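Visitor: Structure file data.cif (mmCIF, C-alpha atoms) is given on the next line.
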data_entry
#
loop_
_atom_site.label_atom_id
_atom_site.label_comp_id
_atom_site.auth_asym_id
_atom_site.auth_seq_id
_atom_site.Cartn_x
_atom_site.Cartn_y
_atom_site.Cartn_z
CA MET K 81 43.35 -112.20 14.25
CA THR K 82 41.86 -115.59 13.44
CA THR K 83 38.22 -116.21 12.77
CA SER K 84 37.75 -117.93 16.13
CA GLU K 85 39.24 -114.93 17.96
CA GLN K 86 36.86 -112.63 16.15
CA ALA K 87 33.96 -114.81 17.30
CA MET K 88 35.23 -114.55 20.88
CA GLU K 89 35.31 -110.76 20.66
CA PRO K 90 32.35 -109.58 18.65
CA HIS K 91 32.36 -105.93 17.76
CA LEU K 92 30.15 -103.88 20.06
CA PRO K 93 28.78 -100.87 18.24
CA THR K 94 29.96 -97.46 19.37
CA GLU K 95 27.61 -94.65 20.33
CA GLN K 96 28.23 -93.07 16.93
CA GLU K 97 27.34 -96.27 15.09
CA VAL K 98 24.14 -96.77 17.08
CA LEU K 99 23.22 -93.13 16.44
CA GLY K 100 23.76 -93.72 12.73
CA GLU K 101 21.44 -96.73 12.70
CA ILE K 102 18.74 -95.03 14.79
CA THR K 103 18.97 -91.96 12.55
CA GLY K 104 18.27 -94.24 9.59
CA MET K 105 15.22 -95.73 11.31
CA LEU K 106 13.92 -92.27 12.23
CA ALA K 107 14.51 -90.96 8.72
CA ALA K 108 12.36 -93.78 7.36
CA LEU K 109 9.65 -93.01 9.93
CA LEU K 110 9.79 -89.32 9.09
CA ASP K 111 9.69 -89.99 5.38
CA GLY K 112 7.32 -87.44 3.93
CA TYR K 113 7.98 -84.86 6.64
CA ASP K 114 10.26 -81.88 5.98
CA LEU K 115 13.15 -83.20 8.01
CA THR K 116 16.39 -84.68 6.76
CA PRO K 117 18.53 -87.17 8.66
CA ALA K 118 21.21 -84.48 9.03
CA GLU K 119 18.90 -82.67 11.42
CA ILE K 120 18.65 -85.63 13.81
CA THR K 121 21.18 -85.24 16.63
CA MET K 122 21.76 -86.72 20.07
CA GLN K 123 19.86 -83.71 21.46
CA SER K 124 16.75 -84.13 19.28
CA ARG K 125 13.63 -84.82 21.30
CA PHE K 126 11.32 -87.43 19.78
CA THR K 127 8.06 -85.60 20.27
CA ASP K 128 8.89 -81.89 20.40
CA ASP K 129 11.71 -81.72 17.82
CA LEU K 130 11.01 -84.66 15.52
CA GLU K 131 7.24 -84.38 15.98
CA LEU K 132 6.82 -88.11 16.28
CA GLU K 133 3.49 -89.30 17.60
CA SER K 134 3.34 -92.06 20.18
CA ILE K 135 2.26 -94.56 17.51
CA ASP K 136 5.52 -93.80 15.62
CA LEU K 137 7.41 -94.82 18.75
CA VAL K 138 5.69 -98.22 18.62
CA THR K 139 7.11 -98.71 15.12
CA LEU K 140 10.53 -97.56 16.31
CA ALA K 141 10.37 -100.02 19.22
CA GLU K 142 9.76 -102.87 16.78
CA GLN K 143 12.61 -101.80 14.53
CA LEU K 144 15.01 -101.61 17.48
CA GLN K 145 14.02 -105.12 18.52
CA ALA K 146 14.31 -106.44 14.97
CA ARG K 147 17.83 -104.96 14.75
CA TRP K 148 19.26 -105.80 18.18
CA GLY K 149 16.96 -108.52 19.53
CA GLU K 150 15.12 -108.99 22.80
CA GLN K 151 17.77 -107.24 24.90
CA VAL K 152 16.72 -103.89 23.44
CA ASN K 153 13.20 -103.44 24.74
CA PHE K 154 12.12 -99.84 24.16
CA ALA K 155 8.66 -100.37 25.67
CA GLU K 156 10.26 -101.66 28.87
CA PHE K 157 12.79 -98.79 28.82
CA ILE K 158 10.11 -96.13 28.86
CA ALA K 159 7.49 -98.05 30.85
CA ASP K 160 8.92 -96.69 34.11
CA MET K 161 9.06 -93.09 32.89
CA GLU K 162 6.53 -90.41 33.64
CA LEU K 163 4.66 -88.94 30.68
CA ASP K 164 6.71 -85.71 30.92
CA GLU K 165 9.95 -87.68 30.70
CA ILE K 166 8.71 -89.58 27.64
CA ILE K 167 7.77 -86.32 25.94
CA CYS K 168 11.26 -84.91 26.65
CA LEU K 169 13.06 -88.13 25.67
CA THR K 170 16.04 -87.47 23.38
CA VAL K 171 17.67 -89.55 20.68
CA GLY K 172 20.83 -89.48 22.84
CA GLN K 173 19.02 -91.14 25.76
CA LEU K 174 17.87 -93.93 23.47
CA VAL K 175 21.36 -94.34 21.97
CA GLY K 176 22.77 -94.55 25.52
CA TYR K 177 20.19 -97.18 26.45
CA VAL K 178 20.93 -99.33 23.38
CA VAL K 179 24.71 -99.16 23.91
CA THR K 180 24.34 -100.06 27.61
CA ARG K 181 21.99 -102.95 26.88
CA LEU K 182 24.29 -104.40 24.22
CA ARG K 183 27.26 -104.18 26.60
CA THR K 184 25.26 -105.78 29.43
CA ALA K 185 24.11 -108.59 27.13
CA GLU K 186 27.73 -109.10 26.03
CA ARG K 187 28.95 -109.42 29.63
CA SER K 188 26.26 -111.88 30.69
CA MET W 231 4.36 -105.11 13.08
CA ALA W 232 1.42 -107.17 11.95
CA TYR W 233 -1.32 -106.03 9.64
CA LEU W 234 -4.51 -108.04 9.30
CA LYS W 235 -7.31 -107.48 6.86
CA LEU W 236 -10.57 -107.56 8.81
CA ASN W 237 -13.98 -106.47 7.54
CA GLY W 238 -12.34 -105.06 4.41
CA LEU W 239 -9.95 -102.84 6.36
CA ARG W 240 -6.23 -103.16 7.16
CA PHE W 241 -5.73 -103.35 10.93
CA HIS W 242 -2.52 -102.74 12.85
CA VAL W 243 -2.38 -105.53 15.43
CA GLN W 244 0.22 -106.38 18.06
CA ARG W 245 0.04 -109.77 19.75
CA LEU W 246 2.55 -110.02 22.58
CA ALA W 247 3.48 -113.36 24.13
CA PRO W 248 4.28 -113.84 27.82
CA GLN W 249 7.84 -112.63 28.48
CA ASP W 250 8.91 -115.90 30.12
CA ALA W 251 7.72 -117.84 27.04
CA GLY W 252 5.49 -119.95 29.32
CA PRO W 253 1.82 -120.68 28.66
CA PRO W 254 -0.31 -117.53 28.98
CA ALA W 255 -1.89 -117.07 32.42
CA ALA W 256 -4.66 -115.24 30.53
CA THR W 257 -5.28 -113.39 27.30
CA VAL W 258 -5.97 -109.69 27.77
CA VAL W 259 -7.26 -107.56 24.92
CA LEU W 260 -6.56 -103.85 25.29
CA LEU W 261 -9.01 -101.45 23.62
CA HIS W 262 -8.06 -97.80 23.22
CA GLY W 263 -10.27 -94.73 23.19
CA LEU W 264 -11.52 -92.38 20.48
CA LEU W 265 -9.89 -89.66 18.39
CA THR W 266 -6.55 -88.86 20.06
CA ASP W 267 -5.88 -92.44 21.09
CA SER W 268 -4.11 -95.48 19.61
CA LEU W 269 -2.62 -98.74 20.83
CA ALA W 270 0.49 -96.74 21.79
CA SER W 271 -1.31 -95.66 24.98
CA TYR W 272 -1.10 -99.27 26.16
CA TYR W 273 2.08 -100.37 24.40
CA PHE W 274 4.19 -98.16 26.66
CA THR W 275 2.11 -98.48 29.84
CA LEU W 276 0.12 -101.59 30.64
CA ALA W 277 1.29 -104.03 27.97
CA PRO W 278 4.90 -104.44 29.23
CA THR W 279 3.58 -105.10 32.77
CA LEU W 280 1.11 -107.72 31.57
CA VAL W 281 3.57 -109.66 29.40
CA ALA W 282 6.09 -109.57 32.26
CA ALA W 283 3.34 -111.06 34.46
CA GLY W 284 2.88 -114.01 32.10
CA MET W 285 -0.14 -112.73 30.18
CA GLU W 286 -0.70 -112.81 26.45
CA VAL W 287 -1.64 -109.33 25.30
CA LEU W 288 -3.53 -108.34 22.19
CA LEU W 289 -3.53 -104.71 21.08
CA TYR W 290 -4.86 -103.14 17.92
CA ASP W 291 -5.57 -99.75 16.47
CA GLN W 292 -9.31 -99.29 16.10
CA ARG W 293 -10.75 -98.28 12.73
CA GLY W 294 -9.70 -94.76 11.73
CA HIS W 295 -7.01 -94.63 14.41
CA GLY W 296 -3.24 -95.12 14.64
CA ARG W 297 -1.86 -97.25 11.81
CA THR W 298 -5.19 -98.92 10.97
CA GLY W 299 -7.00 -97.83 7.82
CA GLN W 300 -9.34 -94.85 7.87
CA PRO W 301 -12.48 -95.57 5.82
CA PRO W 302 -14.60 -92.50 4.98
CA THR W 303 -17.71 -94.03 6.58
CA GLY W 304 -18.74 -96.86 8.91
CA TYR W 305 -18.04 -95.64 12.44
CA GLN W 306 -21.12 -96.88 14.28
CA LEU W 307 -20.33 -98.68 17.54
CA GLU W 308 -21.48 -102.00 16.06
CA ARG W 309 -18.74 -101.70 13.42
CA PHE W 310 -16.09 -101.36 16.12
CA VAL W 311 -17.59 -104.41 17.87
CA ASP W 312 -17.58 -106.31 14.55
CA ASP W 313 -13.85 -105.58 14.28
CA LEU W 314 -13.12 -106.96 17.74
CA GLU W 315 -15.26 -110.05 17.17
CA CYS W 316 -13.65 -110.66 13.79
CA LEU W 317 -10.14 -110.21 15.21
CA LEU W 318 -10.72 -112.75 18.00
CA ASP W 319 -12.15 -115.23 15.48
CA ARG W 320 -9.27 -114.69 13.05
CA LEU W 321 -6.68 -115.28 15.76
CA GLU W 322 -8.69 -118.27 16.95
CA LEU W 323 -8.91 -116.89 20.46
CA THR W 324 -11.91 -119.00 21.24
CA GLY W 325 -11.46 -119.26 25.00
CA PRO W 326 -12.97 -116.37 26.91
CA VAL W 327 -10.61 -113.40 27.05
CA HIS W 328 -10.35 -110.47 29.41
CA LEU W 329 -11.22 -107.16 27.80
CA LEU W 330 -9.69 -103.98 29.11
CA GLY W 331 -11.13 -100.82 27.62
CA ASN W 332 -10.23 -97.20 28.13
CA SER W 333 -13.07 -94.72 27.63
CA PHE W 334 -14.71 -95.60 24.27
CA GLY W 335 -12.63 -98.80 24.21
CA GLY W 336 -14.70 -99.91 27.22
CA THR W 337 -17.92 -99.07 25.37
CA ALA W 338 -16.80 -101.40 22.57
CA ALA W 339 -15.90 -104.05 25.18
CA PHE W 340 -19.40 -103.83 26.68
CA GLY W 341 -20.67 -104.22 23.10
CA LEU W 342 -18.88 -107.54 22.66
CA ALA W 343 -19.98 -108.73 26.11
CA THR W 344 -23.63 -108.25 25.09
CA ARG W 345 -23.12 -109.89 21.70
CA ARG W 346 -20.76 -112.77 22.54
CA PRO W 347 -20.90 -113.47 26.30
CA ASP W 348 -19.10 -116.79 25.68
CA GLN W 349 -16.04 -114.86 24.46
CA VAL W 350 -15.66 -112.58 27.47
CA ALA W 351 -14.16 -113.72 30.78
CA GLY W 352 -14.32 -110.29 32.35
CA LEU W 353 -14.33 -106.56 31.70
CA LEU W 354 -12.08 -103.93 33.20
CA VAL W 355 -13.25 -100.56 32.00
CA ILE W 356 -11.55 -97.26 32.71
CA GLU W 357 -13.62 -94.09 32.64
CA SER W 358 -16.14 -95.84 30.46
CA GLU W 359 -19.77 -96.82 30.09
CA PRO W 360 -21.94 -99.02 27.88
CA ALA W 361 -23.76 -97.29 25.03
CA THR W 362 -27.16 -95.93 26.08
CA SER W 363 -29.41 -93.23 24.66
CA ALA W 364 -27.84 -90.76 27.12
CA TRP W 365 -24.40 -91.80 25.82
CA SER W 366 -25.52 -91.10 22.24
CA VAL W 367 -26.68 -87.62 23.15
CA LYS W 368 -23.41 -86.89 24.95
CA MET W 369 -21.29 -88.29 22.09
CA ASP W 370 -23.23 -86.23 19.57
CA ALA W 371 -22.54 -83.00 21.47
CA ASN W 372 -18.87 -83.83 22.16
CA LEU W 373 -18.11 -84.93 18.61
CA ARG W 374 -19.84 -81.91 17.06
CA ARG W 375 -17.80 -79.62 19.28
CA ALA W 376 -14.56 -81.49 18.57
CA LYS W 377 -15.21 -81.41 14.83
CA THR W 378 -15.53 -77.62 14.81
CA GLN W 379 -12.86 -76.84 17.39
CA LEU W 380 -10.03 -79.22 16.47
CA VAL W 381 -9.53 -77.63 13.07
CA ARG W 382 -9.25 -74.10 14.50
CA GLU W 383 -5.67 -72.89 14.93
CA GLU W 384 -6.61 -70.83 17.99
CA ALA W 385 -8.12 -73.90 19.68
CA LEU W 386 -5.03 -75.99 18.88
CA ALA W 387 -2.76 -73.22 20.18
CA TRP W 388 -4.78 -73.15 23.41
CA ILE W 389 -4.39 -76.93 23.78
CA ALA W 390 -0.62 -76.61 23.21
CA THR W 391 -0.39 -73.97 25.98
CA ARG W 392 -2.78 -75.65 28.40
CA TYR W 393 -1.43 -79.20 27.89
CA SER W 394 1.53 -79.74 25.52
CA GLU W 395 2.65 -79.56 21.93
CA HIS W 396 2.27 -83.32 21.79
CA THR W 397 -1.37 -83.18 22.91
CA ALA W 398 -2.00 -80.43 20.36
CA ARG W 399 -0.52 -82.62 17.64
CA LEU W 400 -2.80 -85.51 18.63
CA ALA W 401 -5.74 -83.10 18.66
CA ARG W 402 -4.83 -81.94 15.16
CA SER W 403 -4.87 -85.58 13.92
CA ALA W 404 -8.23 -86.02 15.64
CA GLY W 405 -9.54 -82.95 13.81
CA ARG W 406 -8.36 -84.44 10.52
CA LEU W 407 -10.07 -87.77 11.31
CA LEU W 408 -13.35 -85.97 12.04
CA ALA W 409 -13.05 -83.83 8.91
CA ALA W 410 -12.25 -86.77 6.62
CA THR W 411 -14.83 -89.25 7.88
CA SER W 412 -18.45 -89.58 9.00
CA LEU W 413 -17.39 -90.63 12.53
CA ALA W 414 -19.05 -87.65 14.22
CA ARG W 415 -22.33 -88.48 12.48
CA ASP W 416 -22.10 -92.27 12.72
CA LEU W 417 -21.25 -92.84 16.35
CA PRO W 418 -24.32 -91.09 17.85
CA ALA W 419 -26.43 -93.12 15.38
CA SER W 420 -25.10 -96.43 16.72
CA ARG W 421 -27.40 -99.27 17.64
CA ILE W 422 -27.86 -99.07 21.39
CA PRO W 423 -28.07 -102.28 23.45
CA THR W 424 -31.35 -102.67 25.32
CA GLU W 425 -31.40 -102.56 29.10
CA ALA W 426 -32.20 -106.30 29.12
CA GLU W 427 -29.10 -106.97 27.00
CA LEU W 428 -26.92 -105.01 29.39
CA ARG W 429 -28.43 -106.72 32.45
CA ALA W 430 -27.52 -110.03 30.83
CA ILE W 431 -23.77 -109.24 31.07
CA ARG W 432 -22.93 -111.82 33.75
CA CYS W 433 -19.12 -111.67 33.65
CA PRO W 434 -17.29 -109.76 36.38
CA VAL W 435 -16.88 -106.06 35.63
CA LEU W 436 -14.48 -103.67 37.34
CA ALA W 437 -15.25 -100.04 36.56
CA VAL W 438 -12.35 -97.69 37.27
CA TYR W 439 -12.96 -93.95 37.57
CA GLY W 440 -10.87 -90.89 38.25
CA LYS W 441 -12.15 -89.61 41.59
CA GLU W 442 -12.43 -86.09 40.15
CA SER W 443 -14.09 -87.19 36.91
CA ASP W 444 -17.67 -86.26 36.08
CA MET W 445 -18.25 -89.93 35.20
CA VAL W 446 -18.17 -90.86 38.90
CA SER W 447 -21.86 -90.01 39.12
CA GLN W 448 -22.78 -92.98 36.94
CA ALA W 449 -20.96 -95.58 39.09
CA ALA W 450 -23.99 -96.43 41.24
CA TRP W 451 -26.24 -96.72 38.17
CA LEU W 452 -23.85 -99.15 36.47
CA GLU W 453 -23.49 -101.26 39.61
CA GLY W 454 -27.28 -101.44 39.88
CA LEU W 455 -27.63 -102.41 36.24
CA LEU W 456 -25.01 -105.16 35.97
CA PRO W 457 -25.18 -108.35 38.05
CA ASP W 458 -21.44 -108.39 38.92
CA CYS W 459 -19.99 -104.89 38.79
CA ARG W 460 -17.71 -103.15 41.26
CA SER W 461 -16.34 -99.64 41.09
CA THR W 462 -13.01 -98.23 42.13
CA PHE W 463 -11.95 -94.60 42.27
CA VAL W 464 -8.41 -93.37 41.68
CA SER W 465 -7.54 -90.31 43.75
CA GLY W 466 -6.47 -87.07 42.11
CA GLN W 467 -7.48 -88.15 38.61
CA GLU W 468 -10.03 -86.95 36.09
CA HIS W 469 -10.65 -88.74 32.76
CA SER W 470 -7.03 -89.61 31.88
CA VAL W 471 -6.55 -92.27 34.54
CA LEU W 472 -4.56 -94.63 32.31
CA ILE W 473 -1.90 -92.03 31.53
CA GLY W 474 -2.20 -89.96 34.72
CA ALA W 475 -2.06 -92.91 37.15
CA THR W 476 -0.45 -95.70 35.14
CA GLU W 477 1.04 -97.43 38.18
CA ALA W 478 -2.36 -97.57 39.89
CA VAL W 479 -3.92 -99.05 36.74
CA ARG W 480 -1.14 -101.65 36.51
CA ARG W 481 -1.74 -102.80 40.05
CA LEU W 482 -5.52 -102.76 39.74
CA THR W 483 -5.31 -104.85 36.58
CA LEU W 484 -2.95 -107.48 38.01
CA SER W 485 -4.97 -107.70 41.20
CA TRP W 486 -8.22 -108.02 39.21
CA LEU W 487 -6.76 -110.76 37.00
CA ARG W 488 -5.62 -112.62 40.09
CA GLN W 489 -9.04 -112.37 41.68
CA HIS W 490 -10.48 -113.97 38.57
CA GLY W 491 -8.13 -116.91 38.46
CA SER W 492 -5.25 -115.64 36.30
CA GLU W 493 -2.19 -115.69 38.52
CA PRO W 494 0.43 -113.04 37.58
CA ARG W 495 3.97 -114.42 37.38
CA GLY W 496 7.48 -113.02 37.62
CA VAL W 497 8.70 -109.64 38.79
CA ALA W 498 5.36 -107.97 38.07
CA ALA W 499 3.67 -110.24 40.60
CA GLU W 500 6.36 -109.50 43.17
CA ARG W 501 5.74 -105.79 42.72
CA LEU W 502 2.23 -106.21 44.09
CA PRO W 503 2.06 -105.47 47.80
CA THR W 504 1.39 -108.64 49.81
CA ARG W 505 -2.12 -107.63 50.79
CA ILE W 506 -2.98 -107.31 47.09
CA ARG W 507 -1.13 -110.49 46.17
CA ASP W 508 -3.36 -112.28 48.63
CA GLY W 509 -6.37 -110.77 46.90
CA ARG W 510 -7.66 -109.29 50.16
CA SER W 511 -7.61 -105.65 49.26
CA GLU W 512 -7.51 -103.20 46.39
CA PRO W 513 -4.39 -101.13 45.82
CA GLU W 514 -5.69 -97.64 45.14
CA GLY W 515 -8.56 -95.44 46.10
CA SER W 516 -11.77 -96.74 47.52
CA VAL W 517 -13.65 -99.78 46.32
CA ARG W 518 -17.22 -100.61 46.87
#
Any chance you could put this one into structure tokens?
Guide:
Amino acid sequence: MTTSEQAMEPHLPTEQEVLGEITGMLAALLDGYDLTPAEITMQSRFTDDLELESIDLVTLAEQLQARWGEQVNFAEFIADMELDEIICLTVGQLVGYVVTRLRTAERS
Amino acid sequence: MAYLKLNGLRFHVQRLAPQDAGPPAATVVLLHGLLTDSLASYYFTLAPTLVAAGMEVLLYDQRGHGRTGQPPTGYQLERFVDDLECLLDRLELTGPVHLLGNSFGGTAAFGLATRRPDQVAGLLVIESEPATSAWSVKMDANLRRAKTQLVREEALAWIATRYSEHTARLARSAGRLLAATSLARDLPASRIPTEAELRAIRCPVLAVYGKESDMVSQAAWLEGLLPDCRSTFVSGQEHSVLIGATEAVRRLTLSWLRQHGSEPRGVAAERLPTRIRDGRSEPEGSVR
């Protein structure tokens, strides 16, 4: 594959890769808590399992945008959710959102 | 994330530009409440709507809260107002801005409106009131109770059962804030604006209440006190109107900005029902 072909077909991250990056961001946020990255799974809930406070989610939102740009807008993603949904939000739902957004941005 | 040193303290500040990168239709400063609150309450609710509507939005964590520093002392209301004034000066937001305050955030907003009327285009306050001697007495009782209760495991367990684990976690942080600082002592000892100072607030004020909240009883008093104050009541809500009825608050805010000359743009504007877009009627509850 030539360089120009690679540019035409940029690599879109897989679910597993996005999970890996988000796990890294969460591990940094949770630094100082008794939780290791190994314990973060697709099923982990941000508030009940990882014990993140809403202000931690603001930091996460910024990191997501810094990593993947304007197309990944966490605040917009959860703005339409009810409070109960936000409290039950899982890492997997966020990974799914990021992957979908990156694919949508790629198509457009 | 931006940190700014203001009044000797490191503040967590978020300044969000209009989503369409156009010139801001208005600048709206969002002020959060006491103890369990932070700028996150707006970041995930009202802020995305306002930037989508072409507004510039300024959010910050008030002293002792969120990611802003937590000094051991200095929690009188005038200190919170100093912070807001200093922030606006630092960011060179010299034109009048709209202040939107939730609960104590509104009290701080009223504080700036009495001190710097030139800086304030309008106030939208949710479940809030200006500081008065009655407010001091109430704050003293509430903060004393919170300081004792929010460090008790039984009380936190009750909050977790009655509300949620998340609320209990916020309450635990609030208990730590009260234990580590003189906030509970300082706030009731704040300098209270005189009645004449409050009457001199000439900018438009929209006071939003939960219809079931015990603050409803002060609506008539506030309307009588301020030259240009209207009240609106959101059905089925108590004190947590911002979180409990976010959509209603979004619409009220956009409609209020429009009435005061800041036209919402984009999808957010289209979401307003026509009658509200035309500025003829309020979206929720009853207005008087």
Visitor: How many Å lie between atom CA of Leu428 of chain W and atom CA of Gly331 of chain W, rounded to one decimal?
Guide: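 About the pair atom CA of Leu428 of chain W and atom CA of Gly331 of chain W: they are 16.4 Å apart.
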Visitor: Give as a list in words the residues that the PyMOL selection byres ((chain W) within 9 of (chain K)) matches when applied to the coordinates above.
Guide: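 Checking the PyMOL selection byres ((chain W) within 9 of (chain K)) against this file, the residues are Met231, Ser268, Leu269, Ala270, Ser271, Tyr273, Phe274, Thr275, Leu276, Ala277, Pro278, Thr279, Gly296, Arg297, Glu395, His396, Arg399, Leu400, Ile473, Gly474, Thr476 and Glu477 of chain W.
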Visitor: Show which residues sit within 10 Å of segment 444-455 of chain W, as a short mmCIF file (atom, residue, chain, number, x, y, z; two decimals) with C-alpha atoms, in the frame of the given file. Count only C-alpha atoms, and ignore same-chain residues fewer than 3 positions away.
Guide:
data_model
loop_
_atom_site.label_atom_id
_atom_site.label_comp_id
_atom_site.auth_asym_id
_atom_site.auth_seq_id
_atom_site.Cartn_x
_atom_site.Cartn_y
_atom_site.Cartn_z
CA GLU W 357 -13.62 -94.09 32.64
CA SER W 358 -16.14 -95.84 30.46
CA GLU W 359 -19.77 -96.82 30.09
CA PRO W 360 -21.94 -99.02 27.88
CA GLU W 425 -31.40 -102.56 29.10
CA ALA W 426 -32.20 -106.30 29.12
CA LEU W 428 -26.92 -105.01 29.39
CA ARG W 429 -28.43 -106.72 32.45
CA ALA W 430 -27.52 -110.03 30.83
CA ILE W 431 -23.77 -109.24 31.07
CA VAL W 435 -16.88 -106.06 35.63
CA LEU W 436 -14.48 -103.67 37.34
CA ALA W 437 -15.25 -100.04 36.56
CA VAL W 438 -12.35 -97.69 37.27
CA TYR W 439 -12.96 -93.95 37.57
CA GLY W 440 -10.87 -90.89 38.25
CA LYS W 441 -12.15 -89.61 41.59
CA ASP W 458 -21.44 -108.39 38.92
CA CYS W 459 -19.99 -104.89 38.79
CA ARG W 460 -17.71 -103.15 41.26
CA SER W 461 -16.34 -99.64 41.09
CA THR W 462 -13.01 -98.23 42.13
CA PHE W 463 -11.95 -94.60 42.27
CA GLU W 468 -10.03 -86.95 36.09
CA HIS W 469 -10.65 -88.74 32.76
CA ARG W 518 -17.22 -100.61 46.87
#
Visitor: What's around segment 257-261 of chain W at 7 Å? Count all atoms listed in the file, leave out sequence neighbours fewer than 2 positions away in its own chain, and write the answer as a list of chain:residue names.
Guide: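 The filter keeps W:Pro254, W:Gly263, W:Met285, W:Glu286, W:Val287, W:Leu288, W:Leu289, W:Val327, W:His328, W:Leu329, W:Leu330, W:Gly331, W:Asn332, W:Gly335, W:Gly336.
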Visitor: Excluding segment 91-103 of chain K and residues on its chain fewer than 3 positions from it, collect all residues at most 7 Å away from it, counting all atoms listed in the file, and give them as a PDB file with C-alpha atoms, in the coordinates of the input.
Guide:
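The new file around_25.pdb reads:
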ATOM      1  CA  LEU K 106      13.920 -92.270  12.230  1.00  0.00           C
ATOM      2  CA  ALA K 107      14.510 -90.960   8.720  1.00  0.00           C
ATOM      3  CA  PRO K 117      18.530 -87.170   8.660  1.00  0.00           C
ATOM      4  CA  ILE K 120      18.650 -85.630  13.810  1.00  0.00           C
ATOM      5  CA  VAL K 175      21.360 -94.340  21.970  1.00  0.00           C
ATOM      6  CA  VAL K 179      24.710 -99.160  23.910  1.00  0.00           C
TER       7      VAL K 179
END
Visitor: So how many Å separate atom CA of Leu380 of chain W and atom CA of Thr266 of chain W, to one decimal?
Guide: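 Between atom CA of Leu380 of chain W and atom CA of Thr266 of chain W the gap works out to 10.9 Å.
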